[in-house]
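Report on one structure; see the data block that follows.
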Amino acid sequence: MESKYFIEVAYIIASTLFIFGLKGLSHPKSARNGMNLAAMGMLVAVVGTLLHHEIVSYVWIIVGLLVGSLIGSVMALKVSMNALPQRQAISLAFGALAATLVGVAEYMRGGAELGSFKMTALGFEVLFGSITIAGSLIAFAKLQELIRGTPLTFKGQNIFNIALFTFTIGIFISLIFSPGNEIMFYVMIGLAFLFGLLLVLPIGAADMPVVMSLMNSYAGLASAATGFALKNNVLIIAGTLDGFSGFILSILMCKAMNRSMTNVLFGAFGGAAEEQQAIEGVQREVTVDDVAVQLAYARQVVIVPGYGLATAQAQHTVRELAETLEHRGVIVKYAIHPVAGRMPGHMNVLLAEANVPYSSLYELEQINPEMGATDVSVVIGANDVVNPDARDNPKSPIAGMPIIEVDKSKQVIVLKRGKGRGFSGIENPLFFKPNTGMLYGDAKASLSKLVQAVQQA
Ligand code: NAP
């Protein structure tokens, strides 16, 4: 009785820590603290659970803890920042596998004796779990380039998927009324797994962050369902927090890209790109020395990091350039677009890794009013997030997406390797404007040369 009381108190403390942890994650400044609180919550929840009176042996639990901690630590230490999306995908698959296995174990224990409430909870658990395992594995394979990243489709796919989903739900409903039908239980799991595969295969690799945050949400809902099945309060609370925060994040990401969830999940994104009219004019190439002089004698410089900065791993070098300019009295600000890069908060994480002070980071709404008073904007490996077509051309595939208005600054310098397009696959008129200079080359190499040239300017 006493241990039960202790467990419930531990769960309340853990749930409170999860809530405060999540709150901390809503701001880059408090995010690290938020992570620590959430991790502490998880520790309290695990310790509480280990006191459960139904545990007959600790041997396998300890083996699991050791193996899991070892794999988790190696992954955390070894996986590079750039590979974080696929790391998250594989972790999600494991989390969902755990929930599904618990569901199967509970089903094996209860079988035909399961009441309709518990069967409903178990059904949701294994359904969400299997869809998440399959979807996350495909997301992992696409991001890791183990399979083609482009959408894999076949004729009538959406209709097939709807039929498959409806049939699976039909089995689920039949199981609520006759839980003893063991074969149907496993058929349902298999079909949900197949549905998860077919749901994510037609989605392009670049849209995976949105898909994963949706999968995260499903994994959370699977855990919440596990909580109902096991009458475990911390699972219900943590699962619901995870489920809804994942869902809200997916919506926010779609909103920041000005795309609907349906478009991400079922639309062939980039299809409209081929219809875009060719842009007349030429891109004006500039040299490192020209740019160094412009930067060294500017009053205010705004740096706009994008996906290319992440692929070039140029976060440390950009900080060096900013510091070199600041030593000369130049005001340097970083403009952070909400969907720059390939995952939410990508630029914040990258720049924090390089110890760029948080006070130098400006969000889109803060920096745009300052662009007119900016002497030079330096766009580093960013493309779509500074594309003026999103603002000026209602027919553009990215029309309506908010942008960082670098074109309003006096001079724009763009660091990119060549004439490659951005994630949306469309051309960017910014690169053809008379006040834009193109500094071609890998972002890290160009920035290193710029640091030296500014020091000598
Ligand atoms: P972007 O539009 O994808 O453009 C990146 C640019 O970086 C490319 O044009 C490429 O041109 C250049 N580049 C690549 N490697 C480089 C290197 N090593 N050195 C220098 N330049 C390099 O990136 P973005 O402006 O950051 O926009 C993000 C896009 O991703 C948006 O369309 C957004 O909607 C989408 N998205 C974001 C998220 C998220 O959560 N952040 C999720 C899903 C989708 P070159 O090939 O010529 O070098």
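By convention in this document, the chains of the structure tokens carry letters A, B, ... by their order, each chain's residues are numbered from 1, and ligands are numbered from 1 in the order they are shown.
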Exercise: stretch 31-46 of chain A partners within 7 Å, only C-alpha atoms, chain neighbours under 6 positions left out, as JSON, numbers by chain: {"A": [10, 11, 14, 15, 17, 18, 20, 21, 22, 23, 24, 25]}
Which residues of chain A come within 8 Å of ligand 1, and for each one, what is the closest pair of atoms and their distance in Å to one decimal, counting only C-alpha atoms and all ligand atoms, sorted by chain and residue number, as a Markdown table?
| residue | atom | partner | partner_atom_place_in_ligand_line | distance |
| --- | --- | --- | --- | --- |
| A:Ala206 | CA | ligand 1 | 44 (C) | 5.6 |
| A:Asp207 | CA | ligand 1 | 43 (C) | 4.8 |
| A:Met208 | CA | ligand 1 | 43 (C) | 6.6 |
| A:Pro209 | CA | ligand 1 | 42 (C) | 5.0 |
| A:Val210 | CA | ligand 1 | 42 (C) | 6.1 |
| A:Met253 | CA | ligand 1 | 40 (O) | 6.1 |
| A:Ala256 | CA | ligand 1 | 34 (O) | 7.3 |
| A:Met257 | CA | ligand 1 | 34 (O) | 4.6 |
| A:Pro305 | CA | ligand 1 | 26 (O) | 6.9 |
| A:Gly306 | CA | ligand 1 | 26 (O) | 3.4 |
| A:Tyr307 | CA | ligand 1 | 26 (O) | 3.9 |
| A:Gly308 | CA | ligand 1 | 22 (C) | 3.5 |
| A:Leu309 | CA | ligand 1 | 19 (N) | 6.0 |
| A:Ala310 | CA | ligand 1 | 18 (N) | 7.7 |
| A:Thr311 | CA | ligand 1 | 18 (N) | 5.2 |
| A:Ala312 | CA | ligand 1 | 18 (N) | 3.9 |
| A:Gln313 | CA | ligand 1 | 18 (N) | 7.7 |
| A:His337 | CA | ligand 1 | 26 (O) | 7.9 |
| A:Pro338 | CA | ligand 1 | 41 (N) | 6.5 |
| A:Val339 | CA | ligand 1 | 41 (N) | 3.4 |
| A:Ala340 | CA | ligand 1 | 26 (O) | 3.5 |
| A:Gly341 | CA | ligand 1 | 26 (O) | 3.9 |
| A:Arg342 | CA | ligand 1 | 41 (N) | 3.8 |
| A:Met343 | CA | ligand 1 | 40 (O) | 3.3 |
| A:Pro344 | CA | ligand 1 | 40 (O) | 3.9 |
| A:Gly345 | CA | ligand 1 | 41 (N) | 6.8 |
| A:His346 | CA | ligand 1 | 41 (N) | 6.1 |
| A:Ile380 | CA | ligand 1 | 21 (N) | 6.5 |
| A:Gly381 | CA | ligand 1 | 7 (O) | 3.5 |
| A:Ala382 | CA | ligand 1 | 25 (O) | 3.4 |
| A:Asn383 | CA | ligand 1 | 25 (O) | 3.7 |
| A:Asp384 | CA | ligand 1 | 2 (O) | 3.8 |
| A:Val385 | CA | ligand 1 | 25 (O) | 4.2 |
| A:Val386 | CA | ligand 1 | 25 (O) | 6.5 |
| A:Ile398 | CA | ligand 1 | 32 (O) | 8.0 |
| A:Leu415 | CA | ligand 1 | 20 (C) | 5.8 |
| A:Lys416 | CA | ligand 1 | 21 (N) | 3.5 |
| A:Arg417 | CA | ligand 1 | 48 (O) | 3.6 |
| A:Gly418 | CA | ligand 1 | 47 (O) | 3.7 |
| A:Lys419 | CA | ligand 1 | 47 (O) | 4.3 |
| A:Gly420 | CA | ligand 1 | 47 (O) | 3.4 |
| A:Arg421 | CA | ligand 1 | 9 (O) | 4.3 |
| A:Gly422 | CA | ligand 1 | 2 (O) | 3.3 |
| A:Phe423 | CA | ligand 1 | 3 (O) | 3.8 |
| A:Ser424 | CA | ligand 1 | 32 (O) | 5.2 |
| A:Gly425 | CA | ligand 1 | 2 (O) | 7.9 |
| A:Tyr440 | CA | ligand 1 | 20 (C) | 7.8 |
| A:Gly441 | CA | ligand 1 | 20 (C) | 6.3 |
| A:Asp442 | CA | ligand 1 | 19 (N) | 3.7 |
| A:Ala443 | CA | ligand 1 | 19 (N) | 3.8 |
| A:Lys444 | CA | ligand 1 | 19 (N) | 6.7 |
Contacts of stretch 120-122 of chain A within 9 Å, only C-alpha atoms, excl. fewer than 6 positions in-chain, as a VMD selection string: chain A and resid 100 102 to 104 106 to 107 172 to 173 175 to 176 222 224 to 229
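Separating atom CA of A:Leu450 from atom CA of A:Lys410 is a distance of 19.5 Å.
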Long-range neighbours of stretch 211-220 of chain A as a list in words, 6 Å cut-off, only C-alpha atoms, 3 positions minimum in chain: Ala96, Phe128, Thr132, Met208, Ser223, Gly239, Asp242, Gly243, Gly246, Phe247 and Ser250 of chain A
Go ahead and dump the residues you just picked, N, CA and C atoms, as an mmCIF file, in the first residue's frame.
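The new file out-v4.cif reads:
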data_model
loop_
_atom_site.group_PDB
_atom_site.id
_atom_site.type_symbol
_atom_site.label_atom_id
_atom_site.label_comp_id
_atom_site.auth_asym_id
_atom_site.auth_seq_id
_atom_site.Cartn_x
_atom_site.Cartn_y
_atom_site.Cartn_z
ATOM 1 N N ALA A 96 7.781 3.584 -30.170
ATOM 2 C CA ALA A 96 6.496 3.027 -30.595
ATOM 3 C C ALA A 96 6.518 1.507 -30.510
ATOM 4 N N PHE A 128 -1.766 2.947 -33.151
ATOM 5 C CA PHE A 128 -0.865 4.105 -33.237
ATOM 6 C C PHE A 128 0.589 3.645 -33.226
ATOM 7 N N THR A 132 3.290 4.173 -36.235
ATOM 8 C CA THR A 132 4.485 4.977 -35.936
ATOM 9 C C THR A 132 5.771 4.205 -36.216
ATOM 10 N N MET A 208 10.075 15.326 -44.288
ATOM 11 C CA MET A 208 10.115 14.386 -43.163
ATOM 12 C C MET A 208 10.009 15.045 -41.789
ATOM 13 N N SER A 223 1.293 5.948 -26.257
ATOM 14 C CA SER A 223 1.669 5.840 -24.834
ATOM 15 C C SER A 223 0.491 6.189 -23.938
ATOM 16 N N GLY A 239 1.973 10.887 -22.308
ATOM 17 C CA GLY A 239 1.558 10.544 -23.670
ATOM 18 C C GLY A 239 0.702 11.642 -24.276
ATOM 19 N N ASP A 242 2.861 14.655 -25.098
ATOM 20 C CA ASP A 242 3.651 14.347 -26.283
ATOM 21 C C ASP A 242 2.773 14.389 -27.535
ATOM 22 N N GLY A 243 1.603 13.730 -27.407
ATOM 23 C CA GLY A 243 0.698 13.642 -28.553
ATOM 24 C C GLY A 243 0.269 15.015 -29.050
ATOM 25 N N GLY A 246 3.274 17.379 -30.201
ATOM 26 C CA GLY A 246 3.740 16.957 -31.529
ATOM 27 C C GLY A 246 2.785 17.441 -32.610
ATOM 28 N N PHE A 247 1.492 17.323 -32.321
ATOM 29 C CA PHE A 247 0.501 17.723 -33.316
ATOM 30 C C PHE A 247 0.540 19.244 -33.543
ATOM 31 N N SER A 250 3.523 20.159 -35.622
ATOM 32 C CA SER A 250 3.321 19.885 -37.058
ATOM 33 C C SER A 250 2.522 21.026 -37.686
#
Distance query A:Gly170 at most 12 Å, only C-alpha atoms, self and fewer than 4 positions along chain excluded, as number ranges by chain: A: 123, 163-166, 174-177, 184-185, 187-188, 191-192
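Using only C-alpha atoms, the protein and nucleic acid residues lying no more than 6 Å from stretch 147-152 of chain A, apart from those fewer than 6 places from it along its own chain, are A:Ala141, A:Leu201, A:Pro202, A:Ile203, A:Gly204, A:Ala205.
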